[in-house]
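Undergrad: Contents are mmCIF, C-alpha atoms; file name model32.cif:
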```
data_run
#
loop_
_atom_site.label_atom_id
_atom_site.label_comp_id
_atom_site.auth_asym_id
_atom_site.auth_seq_id
_atom_site.Cartn_x
_atom_site.Cartn_y
_atom_site.Cartn_z
CA MET A 1 69.68 77.83 55.80
CA ASN A 2 70.54 79.61 52.57
CA ALA A 3 72.08 77.51 49.86
CA MET A 4 75.56 78.60 48.86
CA VAL A 5 75.55 80.12 45.40
CA SER A 6 78.79 80.04 43.52
CA HIS A 7 79.79 81.29 40.12
CA LYS A 8 82.98 80.48 38.33
CA ILE A 9 85.48 82.24 36.16
CA VAL A 10 87.88 79.98 34.32
CA PHE A 11 91.46 80.79 33.39
CA THR A 12 92.83 78.73 30.56
CA GLY A 13 95.75 79.04 28.17
CA THR A 14 99.20 77.90 27.36
CA PRO A 15 101.57 76.42 29.92
CA GLY A 16 103.54 79.19 31.53
CA ALA A 17 101.07 81.92 30.58
CA GLY A 18 100.36 82.63 34.22
CA LYS A 19 97.02 81.05 35.03
CA THR A 20 98.11 80.04 38.52
CA THR A 21 99.59 83.48 39.17
CA ALA A 22 96.44 85.21 37.93
CA ILE A 23 94.24 83.18 40.26
CA ALA A 24 96.56 83.84 43.16
CA ALA A 25 96.34 87.56 42.40
CA LEU A 26 92.57 87.60 42.84
CA SER A 27 91.76 84.89 45.35
CA ASP A 28 90.66 85.87 48.87
CA LYS A 29 92.43 82.88 50.34
CA PRO A 30 95.57 81.05 49.36
CA PRO A 31 94.68 79.17 46.19
CA VAL A 32 94.65 75.40 46.06
CA LEU A 33 97.21 74.42 43.50
CA THR A 34 97.92 71.16 41.76
CA ASP A 35 101.40 71.93 40.57
CA VAL A 36 103.92 69.17 40.25
CA ARG A 37 107.52 69.08 39.22
CA ASN A 38 107.63 69.55 35.48
CA THR A 39 109.14 66.75 33.44
CA ASP A 40 108.52 68.37 30.06
CA ALA A 41 111.69 70.28 29.24
CA SER A 42 109.99 72.14 26.41
CA LEU A 43 107.84 74.07 28.89
CA GLY A 44 110.91 75.72 30.37
CA LYS A 45 109.64 75.90 33.95
CA GLU A 46 110.16 73.92 37.12
CA ARG A 47 106.55 73.24 38.03
CA THR A 48 103.35 72.89 36.07
CA THR A 49 99.65 72.39 36.80
CA VAL A 50 98.27 68.92 36.21
CA GLY A 51 94.87 69.17 37.88
CA LEU A 52 93.11 72.43 38.30
CA ASP A 53 93.99 75.47 40.32
CA PHE A 54 91.33 76.81 42.62
CA GLY A 55 90.82 80.21 44.20
CA GLU A 56 87.76 81.93 45.58
CA VAL A 57 86.33 85.38 46.06
CA ASP A 58 83.69 85.64 48.77
CA LEU A 59 80.86 87.98 47.84
CA GLY A 60 79.10 87.72 51.19
CA ASP A 61 75.46 86.67 51.65
CA GLY A 62 76.26 83.13 50.66
CA GLN A 63 77.64 83.92 47.21
CA SER A 64 81.12 83.40 45.90
CA VAL A 65 83.09 83.37 42.69
CA ARG A 66 85.31 80.39 42.14
CA LEU A 67 88.42 80.98 40.11
CA LEU A 68 89.46 77.86 38.26
CA GLY A 69 92.65 77.35 36.31
CA THR A 70 92.88 74.58 33.76
CA PRO A 71 96.05 72.62 33.13
CA GLY A 72 97.61 74.15 30.05
CA GLN A 73 99.09 71.19 28.30
CA LEU A 74 97.20 69.88 25.31
CA ARG A 75 97.05 66.38 26.74
CA PHE A 76 94.59 67.71 29.33
CA GLU A 77 92.26 69.10 26.67
CA PHE A 78 89.53 66.68 27.74
CA MET A 79 89.19 68.65 30.99
CA TRP A 80 88.96 72.10 29.50
CA GLN A 81 85.35 72.10 28.38
CA ILE A 82 84.19 70.25 31.46
CA ILE A 83 85.68 72.91 33.70
CA ALA A 84 84.35 75.82 31.65
CA THR A 85 80.78 74.60 31.29
CA ASP A 86 78.34 77.08 32.88
CA ALA A 87 81.17 79.46 33.73
CA LEU A 88 80.43 83.14 34.11
CA GLY A 89 83.50 83.86 32.06
CA LEU A 90 86.54 82.42 30.37
CA VAL A 91 89.93 84.12 30.31
CA ILE A 92 92.38 82.76 27.74
CA LEU A 93 95.97 83.57 28.60
CA ILE A 94 98.55 83.44 25.83
CA ASP A 95 102.31 83.55 26.30
CA ASN A 96 103.68 85.70 23.49
CA SER A 97 107.17 84.31 23.94
CA ARG A 98 106.11 80.90 22.68
CA PRO A 99 106.94 79.90 19.11
CA ASP A 100 103.48 80.48 17.61
CA PRO A 101 101.12 82.40 19.89
CA LEU A 102 98.43 82.76 17.22
CA ALA A 103 98.36 79.00 16.77
CA ASP A 104 98.10 78.68 20.54
CA LEU A 105 95.06 80.95 20.50
CA ALA A 106 93.54 78.87 17.72
CA THR A 107 94.03 75.75 19.81
CA TYR A 108 91.98 77.18 22.66
CA LEU A 109 89.33 78.65 20.38
CA ASP A 110 88.90 75.24 18.81
CA ALA A 111 88.77 73.51 22.15
CA TYR A 112 86.08 75.82 23.52
CA GLU A 113 84.26 76.35 20.25
CA ALA A 114 81.00 74.82 21.42
CA LEU A 115 80.87 77.10 24.47
CA LEU A 116 82.05 80.34 22.93
CA PRO A 117 78.79 81.59 21.36
CA SER A 118 77.32 82.12 24.80
CA MET A 119 80.58 82.54 26.72
CA ASN A 120 81.92 85.79 28.10
CA CYS A 121 85.51 85.58 27.05
CA ALA A 122 88.66 87.68 27.09
CA VAL A 123 92.16 87.08 25.78
CA GLY A 124 95.15 88.18 27.82
CA VAL A 125 98.49 88.25 26.05
CA GLY A 126 101.55 88.08 28.25
CA ARG A 127 105.20 89.02 27.70
CA THR A 128 104.32 91.55 25.00
CA LEU A 129 107.17 93.84 26.03
CA GLU A 130 109.83 91.20 25.44
CA CYS A 131 108.00 89.72 22.48
CA PRO A 132 105.91 92.38 20.74
CA LEU A 133 104.97 90.14 17.83
CA PRO A 134 102.33 89.11 17.09
CA THR A 135 100.69 92.36 18.09
CA LEU A 136 97.40 92.68 19.92
CA ASP A 137 95.90 93.73 16.59
CA ASP A 138 97.08 90.45 15.09
CA PHE A 139 95.17 88.61 17.81
CA ALA A 140 92.09 90.77 17.26
CA ASP A 141 92.28 90.06 13.54
CA ALA A 142 92.64 86.35 14.16
CA LEU A 143 89.55 86.42 16.35
CA ALA A 144 87.58 88.54 13.88
CA ALA A 145 88.49 86.13 11.09
CA ARG A 146 86.67 83.46 13.06
CA GLY A 147 83.76 85.75 13.86
CA TRP A 148 84.69 86.46 17.48
CA VAL A 149 84.95 89.85 19.12
CA PHE A 150 86.61 89.23 22.45
CA PRO A 151 88.64 91.76 24.40
CA VAL A 152 92.35 91.36 23.70
CA LEU A 153 94.57 92.97 26.29
CA ALA A 154 98.24 92.93 27.11
CA VAL A 155 98.61 91.50 30.57
CA ASP A 156 101.27 91.01 33.18
CA VAL A 157 99.63 88.47 35.46
CA ARG A 158 101.85 89.55 38.32
CA GLU A 159 100.02 92.87 38.23
CA ARG A 160 96.67 92.49 39.94
CA ASP A 161 95.21 95.45 38.04
CA ASP A 162 95.98 93.77 34.73
CA VAL A 163 94.15 90.62 35.79
CA LEU A 164 91.27 92.69 37.13
CA MET A 165 90.95 94.44 33.79
CA LEU A 166 90.53 91.10 32.06
CA VAL A 167 87.89 90.02 34.55
CA ASP A 168 86.18 93.38 34.20
CA THR A 169 85.77 92.89 30.45
CA VAL A 170 84.28 89.46 31.08
CA LEU A 171 81.81 90.89 33.59
CA ALA A 172 80.84 93.65 31.17
CA GLN A 173 79.98 91.07 28.56
CA ALA A 174 77.96 89.11 31.10
CA GLU A 175 76.01 92.22 32.01
CA THR A 176 74.91 92.81 28.44
CA ARG A 177 73.68 89.24 28.15
CA ILE A 178 71.25 89.52 31.05
CA MET B 1 73.50 129.79 5.42
CA THR B 2 71.50 127.81 2.88
CA LEU B 3 72.28 128.32 -0.75
CA SER B 4 70.61 126.96 -3.77
CA PRO B 5 72.53 123.95 -4.94
CA SER B 6 72.16 125.23 -8.46
CA ASP B 7 74.47 128.13 -7.76
CA PRO B 8 78.00 126.84 -7.33
CA VAL B 9 79.55 130.27 -7.73
CA ALA B 10 77.61 131.59 -4.84
CA LEU B 11 78.53 128.51 -2.92
CA ALA B 12 82.18 128.99 -3.64
CA GLN B 13 82.17 132.64 -2.75
CA ALA B 14 80.14 132.28 0.36
CA SER B 15 82.97 131.15 2.59
CA PRO B 16 84.09 131.65 5.30
CA GLU B 17 80.55 131.04 6.52
CA ARG B 18 79.56 127.41 6.73
CA LEU B 19 77.73 126.39 3.64
CA ALA B 20 74.63 124.26 3.68
CA LEU B 21 74.88 121.26 1.37
CA THR B 22 72.26 118.64 0.80
CA LEU B 23 72.19 114.91 0.22
CA LEU B 24 69.38 113.03 -1.46
CA THR B 25 69.16 109.29 -0.88
CA GLN B 26 67.69 106.88 -3.38
CA ARG B 27 66.76 103.24 -2.78
CA LEU B 28 68.84 102.92 0.37
CA THR B 29 67.78 100.30 2.86
CA GLU B 30 66.55 101.58 6.18
CA SER B 31 69.70 100.26 7.81
CA ASP B 32 72.04 101.98 5.35
CA ALA B 33 70.12 105.24 5.60
CA ALA B 34 70.28 105.00 9.37
CA LYS B 35 74.03 104.42 9.31
CA LEU B 36 74.65 107.40 7.05
CA GLY B 37 72.47 109.50 9.31
CA VAL B 38 74.56 108.54 12.29
CA PHE B 39 77.83 109.00 10.39
CA LEU B 40 76.76 112.46 9.33
CA ARG B 41 75.70 113.45 12.79
CA ILE B 42 78.98 112.35 14.30
CA GLY B 43 81.12 113.61 11.44
CA GLN B 44 79.53 117.03 11.20
CA ALA B 45 82.14 118.58 13.47
CA GLN B 46 85.01 117.63 11.19
CA LEU B 47 83.30 118.69 7.99
CA LEU B 48 83.51 122.22 6.65
CA CYS B 49 79.91 122.52 5.53
CA ASP B 50 76.57 121.90 7.17
CA TRP B 51 75.29 118.77 5.53
CA ARG B 52 71.72 117.61 5.70
CA PHE B 53 69.59 115.01 4.03
CA VAL B 54 66.64 115.98 1.90
CA SER B 55 63.86 113.66 0.93
CA GLU B 56 63.15 115.13 -2.47
CA GLY B 57 63.99 117.85 -4.92
CA ALA B 58 67.28 119.62 -5.37
CA ALA B 59 70.39 118.26 -3.79
CA HIS B 60 74.10 118.69 -4.14
CA VAL B 61 74.81 115.02 -3.77
CA VAL B 62 72.83 111.91 -4.53
CA VAL B 63 73.53 108.76 -2.52
CA VAL B 64 72.11 105.84 -4.40
CA ALA B 65 72.07 102.11 -3.78
CA GLY B 66 73.55 100.56 -6.88
CA PRO B 67 75.38 101.86 -9.91
CA GLU B 68 72.75 104.18 -11.39
CA PRO B 69 70.63 106.87 -9.77
CA ASP B 70 66.93 106.99 -10.42
CA THR B 71 65.72 109.07 -13.28
CA VAL B 72 63.89 112.07 -12.02
CA PRO B 73 61.33 113.55 -14.40
CA GLY B 74 62.38 117.02 -15.43
CA LEU B 75 65.94 116.54 -14.28
CA LEU B 76 68.20 118.64 -16.44
CA ASP B 77 71.50 118.63 -14.66
CA ASN B 78 73.55 116.22 -12.70
CA PRO B 79 74.14 116.60 -9.01
CA ARG B 80 77.52 117.74 -7.87
CA ALA B 81 78.41 114.18 -7.10
CA THR B 82 76.77 110.81 -6.92
CA LEU B 83 77.84 108.35 -4.28
CA HIS B 84 77.08 104.71 -4.94
CA VAL B 85 76.32 102.27 -2.15
CA LEU B 86 77.56 98.93 -3.42
CA ASP B 87 77.93 95.40 -2.20
CA ALA B 88 81.04 94.53 -4.14
CA ALA B 89 84.34 96.31 -4.56
CA ASN B 90 83.65 97.23 -8.16
CA ASP B 91 82.96 100.81 -9.00
CA PRO B 92 81.03 101.24 -12.19
CA ALA B 93 81.49 104.97 -12.02
CA GLY B 94 85.23 104.52 -12.16
CA ASP B 95 86.00 106.76 -9.20
CA ALA B 96 86.77 104.70 -6.14
CA TRP B 97 85.98 107.49 -3.73
CA THR B 98 82.40 107.68 -4.95
CA SER B 99 81.78 104.06 -4.04
CA LEU B 100 80.60 103.34 -0.52
CA LEU B 101 80.94 99.65 0.11
CA ARG B 102 78.77 97.68 2.48
CA PRO B 103 79.12 97.45 5.39
CA LEU B 104 79.16 101.22 5.20
CA GLN B 105 82.19 102.80 6.80
CA TYR B 106 82.30 106.13 8.56
CA GLU B 107 85.69 107.04 7.16
CA ALA B 108 84.75 106.43 3.53
CA PHE B 109 81.55 108.44 3.83
CA THR B 110 83.05 111.48 5.53
CA SER B 111 86.06 111.39 3.21
CA ALA B 112 83.74 111.52 0.24
CA LEU B 113 81.87 114.46 1.72
CA SER B 114 85.16 116.25 2.43
CA ARG B 115 86.18 115.73 -1.15
CA ILE B 116 82.91 117.14 -2.40
CA GLU B 117 83.33 120.10 -0.08
CA GLN B 118 86.70 120.81 -1.64
CA MET B 119 85.14 120.69 -5.08
CA VAL B 120 82.32 122.99 -4.08
CA MET B 121 84.43 125.47 -2.18
CA ARG B 122 87.29 125.73 -4.64
CA PRO B 123 87.51 129.47 -5.46
CA ARG B 124 87.37 128.95 -9.15
CA VAL B 125 84.87 126.25 -8.97
CA GLU B 126 83.46 125.18 -12.27
CA ALA B 127 81.43 128.34 -12.46
CA ALA B 128 81.36 128.44 -16.16
CA SER B 129 80.72 124.82 -16.57
CA SER B 130 77.28 123.49 -17.05
CA THR B 131 77.62 120.91 -14.35
CA THR B 132 75.38 122.71 -12.03
CA PRO B 133 74.08 120.39 -9.44
CA ALA B 134 70.50 119.87 -8.73
CA HIS B 135 67.50 118.00 -9.37
CA SER B 136 64.81 119.53 -11.29
CA SER B 137 62.65 121.67 -9.18
CA PRO B 138 63.09 125.27 -10.18
CA SER B 139 62.70 126.60 -6.72
CA ALA B 140 64.67 124.52 -4.35
CA PRO B 141 62.52 123.46 -1.44
CA ALA B 142 63.75 123.94 2.05
CA PRO B 143 65.85 120.96 2.99
CA VAL B 144 64.01 118.42 5.09
CA PRO B 145 66.17 116.96 7.81
CA MET B 146 66.37 113.22 7.85
CA PRO B 147 64.68 111.81 10.91
CA LEU B 148 67.91 110.32 12.20
CA ARG B 149 69.31 113.79 12.63
CA ASP B 150 66.96 114.01 15.53
CA PRO B 151 69.02 113.24 18.62
CA ALA B 152 66.18 111.25 20.12
CA LEU B 153 66.16 108.91 17.15
CA THR B 154 69.90 108.61 17.16
CA LEU B 155 69.47 107.13 20.58
CA GLY B 156 67.59 104.32 18.91
CA ALA B 157 70.68 103.21 17.02
CA GLY B 158 72.49 100.21 18.45
CA TYR B 159 76.24 99.77 18.13
CA ARG B 160 78.16 96.52 18.12
CA LEU B 161 81.84 95.87 17.57
CA HIS B 162 82.79 93.65 14.68
CA ARG B 163 86.43 93.63 15.75
CA TRP B 164 88.15 94.40 19.03
CA PRO B 165 89.71 97.92 18.89
CA SER B 166 93.43 98.56 18.85
CA ALA B 167 95.16 99.93 21.92
CA ASP B 168 95.30 103.37 20.28
CA VAL B 169 91.53 103.52 19.97
CA LEU B 170 91.06 102.38 23.55
CA ARG B 171 93.50 104.94 24.90
CA GLY B 172 92.00 107.95 26.64
CA HIS B 173 89.17 107.39 29.05
CA ARG B 174 90.01 104.76 31.65
CA TYR B 175 86.68 103.03 31.06
CA ASN B 176 87.02 102.70 27.29
CA THR B 177 87.96 99.03 27.56
CA ARG B 178 84.85 98.36 29.61
CA LEU B 179 82.70 100.34 27.16
CA ALA B 180 84.07 98.32 24.27
CA SER B 181 83.33 95.10 26.14
CA PHE B 182 79.68 96.07 26.49
CA MET B 183 79.52 96.44 22.72
CA SER B 184 81.22 93.14 21.97
CA THR B 185 78.28 90.82 22.55
CA ARG B 186 75.31 92.65 21.05
CA HIS B 187 74.06 96.00 19.75
CA VAL B 188 73.93 98.53 22.55
CA GLU B 189 72.33 101.95 22.44
CA ILE B 190 74.11 105.04 23.75
CA ASP B 191 71.84 105.50 26.73
CA GLU B 192 72.05 101.84 27.64
CA LEU B 193 75.83 102.02 27.36
CA ALA B 194 75.90 104.96 29.73
CA GLN B 195 73.59 103.16 32.11
CA LEU B 196 75.55 99.90 32.08
CA SER B 197 78.92 101.55 32.46
CA ASN B 198 78.04 104.50 34.65
CA VAL B 199 80.13 106.55 32.25
CA SER B 200 78.72 109.91 31.20
CA ARG B 201 76.62 109.98 28.06
CA SER B 202 78.94 112.50 26.44
CA ASP B 203 81.95 110.23 27.04
CA CYS B 204 80.00 107.31 25.60
CA ILE B 205 79.12 109.35 22.51
CA ALA B 206 82.73 110.41 22.09
CA PHE B 207 83.95 106.83 22.34
CA VAL B 208 81.32 105.49 19.96
CA GLY B 209 82.31 108.24 17.55
CA ARG B 210 85.91 107.12 17.77
CA LEU B 211 84.94 103.52 17.09
CA LEU B 212 82.81 104.60 14.14
CA LYS B 213 85.70 106.60 12.77
CA ALA B 214 87.90 103.54 13.07
CA GLY B 215 85.29 101.53 11.16
CA LEU B 216 84.86 99.04 13.99
CA LEU B 217 81.14 99.26 14.60
CA ASP B 218 78.10 97.70 13.11
CA VAL B 219 75.22 100.15 13.43
CA LYS B 220 71.66 99.01 13.69
CA SER B 221 68.69 101.29 13.84
CA THR B 222 66.24 99.54 16.10
CA PRO B 223 62.63 100.21 16.90
CA LEU B 224 61.75 100.72 20.52
CA ARG B 225 62.91 97.56 22.20
CA LEU B 226 61.07 95.69 24.84
CA PRO B 227 63.21 94.83 27.80
CA ALA B 228 64.88 91.52 27.08
CA ALA B 229 62.95 89.57 29.66
CA ALA B 230 59.59 90.99 28.61
CA ALA B 231 60.33 90.25 24.98
CA ALA B 232 61.24 86.70 25.85
CA LEU B 233 58.13 86.29 27.90
CA ALA B 234 56.01 87.67 25.11
CA SER B 235 57.45 85.31 22.56
CA ASP B 236 58.19 82.16 24.43
CA ALA B 237 57.22 81.65 28.03
CA PRO B 238 59.13 78.38 28.67
CA ARG B 239 62.28 79.83 27.20
CA ALA B 240 61.83 82.94 29.32
CA ALA B 241 61.49 80.79 32.40
CA ALA B 242 64.67 78.95 31.53
CA LEU B 243 66.46 82.24 31.00
CA ALA B 244 65.23 83.51 34.32
CA ARG B 245 66.63 80.46 36.09
CA LYS B 246 70.01 80.98 34.43
CA ARG B 247 70.10 84.74 34.96
CA PRO B 248 72.46 85.91 37.70
CA ALA B 249 70.93 87.59 40.68
CA PRO B 250 70.53 91.36 40.47
CA GLY B 251 73.60 93.19 41.66
CA LEU B 252 75.90 90.24 41.16
CA PHE B 253 78.31 92.12 38.95
CA SER B 254 78.59 95.11 41.21
CA LYS B 255 79.15 92.73 44.12
CA ILE B 256 81.95 90.97 42.26
CA ARG B 257 83.53 94.26 41.27
CA HIS B 258 83.24 95.54 44.81
CA SER B 259 84.70 92.36 46.30
CA LEU B 260 87.62 92.45 43.90
CA GLY B 261 88.23 96.12 44.62
CA MET B 262 87.43 97.32 41.13
CA ARG B 263 86.40 100.90 40.63
#
```
The structure given in the file should be rewritten as structure tokens.
TA:
Amino acid sequence: MNAMVSHKIVFTGTPGAGKTTAIAALSDKPPVLTDVRNTDASLGKERTTVGLDFGEVDLGDGQSVRLLGTPGQLRFEFMWQIIATDALGLVILIDNSRPDPLADLATYLDAYEALLPSMNCAVGVGRTLECPLPTLDDFADALAARGWVFPVLAVDVRERDDVLMLVDTVLAQAETRI
Amino acid sequence: MTLSPSDPVALAQASPERLALTLLTQRLTESDAAKLGVFLRIGQAQLLCDWRFVSEGAAHVVVVAGPEPDTVPGLLDNPRATLHVLDAANDPAGDAWTSLLRPLQYEAFTSALSRIEQMVMRPRVEAASSTTPAHSSPSAPAPVPMPLRDPALTLGAGYRLHRWPSADVLRGHRYNTRLASFMSTRHVEIDELAQLSNVSRSDCIAFVGRLLKAGLLDVKSTPLRLPAAAAALASDAPRAAALARKRPAPGLFSKIRHSLGMR
């Protein structure tokens, strides 16, 4: 019997950035969600993830890619690194309509700092049409200032192609590390 | 058309044919020389003259590391221009455009050459002046192309992003974002980029040229590289074994792309 081989791609980022939606867009089967009714009025949404979201893409021949979504709120920071350890890639989703998206990015870069040197990582910035500032260049500059060159793309997580593009950039990085 | 660099009048009157102008490098590191070679190769199309590097003798332009060019025995006249490769943003020569700051930037280099071209090709170029370019040798030797002008050696240059490109730079080919991603983790050569991406070599060259023009790439001239696994094995067998255990199975990425319906 062949052992099941699974890889994982982790979606992290601010509450409301669309991690759950992104996973649902890619998963072969209905994702397992751990949403509960939101009691934090500042998040501005009815439900929020408190555990981790889980989706899966079956590659056949006993291989699969697990899509994991972290809870976004800072109080769950202790879980973030645990979930992302040994991941094939990390997608950081930022909601540009929040008060300080660049600070949000910094929060996640700090949280994953130990993993980033060997991590394939991409940054997806949502709601850029309604909130064009900061620009994608601002995010790229913020990353470069910390010595990171990660893809920074505008993303609408409801659009599967947008999410695929983010994953594609993560895979491309992984390929060059082989 | 190759003209003696000591004859600016002839140079000026020779248009509309493309003029041949020469660059002499002094004390440049191998890496800086390699970068300028690549910049020149890529920028040639947008320049008005045919530029080439020479290793000695007469030249229209000297590119020197530091504030002062070397003294050449027998040198009577100054070159048309001297470009200084500097570490800091101070320009001892006083002309900012003659300073090329490290890390060397494509735009600054080609802009400087364009400016020199304008000086050289101006109809009433300083014909009467005594500022004839050239180093000493009375009979200018035939220019010797710098090795990096050889396309095969250009292939040896690796390119790595030092900042993610703007949306404008990525616009165009639908695979540009993927190409940029390949160059975000390490230096990648053109042929390797084409192989990894399955994008044509000419499209890869065009995109790399655009990134160079935007000043987003670090260029490294590398000797022939052992495949990563072989190099690891040669240097450190236990580490290579650990890497092999961690390495994804062959074809994993194409399987993932296929399963997700990516093209």
Undergrad: Taking the file as shown, find all residues satisfying the PyMOL selection byres ((chain B) within 9 of (chain A)) and write them as number ranges by chain.
TA: B: 161-167, 177-186, 188, 196-197, 228-229, 243, 247-248, 252-253, 255-262
Undergrad: Write out the residues from the selection above, keeping C-alpha atoms, as a CSV table (one decimal), keeping the file's coordinate frame.
TA:
```csv
chain,number,residue,atom,x,y,z
B,161,LEU,CA,81.8,95.9,17.6
B,162,HIS,CA,82.8,93.6,14.7
B,163,ARG,CA,86.4,93.6,15.8
B,164,TRP,CA,88.2,94.4,19.0
B,165,PRO,CA,89.7,97.9,18.9
B,166,SER,CA,93.4,98.6,18.8
B,167,ALA,CA,95.2,99.9,21.9
B,177,THR,CA,88.0,99.0,27.6
B,178,ARG,CA,84.8,98.4,29.6
B,179,LEU,CA,82.7,100.3,27.2
B,180,ALA,CA,84.1,98.3,24.3
B,181,SER,CA,83.3,95.1,26.1
B,182,PHE,CA,79.7,96.1,26.5
B,183,MET,CA,79.5,96.4,22.7
B,184,SER,CA,81.2,93.1,22.0
B,185,THR,CA,78.3,90.8,22.6
B,186,ARG,CA,75.3,92.6,21.0
B,188,VAL,CA,73.9,98.5,22.6
B,196,LEU,CA,75.6,99.9,32.1
B,197,SER,CA,78.9,101.6,32.5
B,228,ALA,CA,64.9,91.5,27.1
B,229,ALA,CA,63.0,89.6,29.7
B,243,LEU,CA,66.5,82.2,31.0
B,247,ARG,CA,70.1,84.7,35.0
B,248,PRO,CA,72.5,85.9,37.7
B,252,LEU,CA,75.9,90.2,41.2
B,253,PHE,CA,78.3,92.1,39.0
B,255,LYS,CA,79.2,92.7,44.1
B,256,ILE,CA,82.0,91.0,42.3
B,257,ARG,CA,83.5,94.3,41.3
B,258,HIS,CA,83.2,95.5,44.8
B,259,SER,CA,84.7,92.4,46.3
B,260,LEU,CA,87.6,92.4,43.9
B,261,GLY,CA,88.2,96.1,44.6
B,262,MET,CA,87.4,97.3,41.1
```
Undergrad: Tell me, as a list in words, which residues lie within 6 Å of Leu101 (chain B), counting only C-alpha atoms; anything in the same chain fewer than 5 positions away does not count.
TA: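 The residues that qualify are Val85, Leu86 and Asp87 of chain B.
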Undergrad: Applied to the shown file, which residues does the PyMOL selection byres ((chain A and resi 9) around 8) return, written as a ChimeraX atom specification?
TA: /A:7-8,10-11,65-68,84,87-91
Undergrad: Mind telling me what the PyMOL selection byres ((chain A and resi 94) around 6) catches here, as a ChimeraX atom specification?
TA: /A:13-14,17,93,95,125
Undergrad: Using the selection just defined, write its residues with C-alpha atoms as a compact mmCIF listing (two decimals), in the frame of the given file.
TA:
```
# COMPACT_ATOMS: atom_id res chain seq x y z
CA GLY A 13 95.75 79.04 28.17
CA THR A 14 99.20 77.90 27.36
CA ALA A 17 101.07 81.92 30.58
CA LEU A 93 95.97 83.57 28.60
CA ASP A 95 102.31 83.55 26.30
CA VAL A 125 98.49 88.25 26.05
```
Undergrad: CA of Arg146 (chain A) to CA of Arg171 (chain B): how many Å, to one decimal?
TA: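 Computing the Euclidean distance for CA of Arg146 (chain A) and CA of Arg171 (chain B) yields 25.5 Å.
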Undergrad: Using CA of His60 (chain B) and CA of Leu21 (chain B) as the two end points, give the distance in Å to one decimal.
TA: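 Distance reported for this atom pair: 6.1 Å.
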Undergrad: When distances are computed from all atoms listed in the file, which of A:Gly69, A:Gly62, A:Pro134, A:Gly55 shows the smallest separation from Lys19 (chain A)?
TA: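 Selected residue with least distance to Lys19 (chain A): A:Gly69.
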Undergrad: Give me, please, the distance in Å between CA of Pro103 (chain B) and CA of Gly215 (chain B), quoted to one decimal.
TA: 9.4 Å
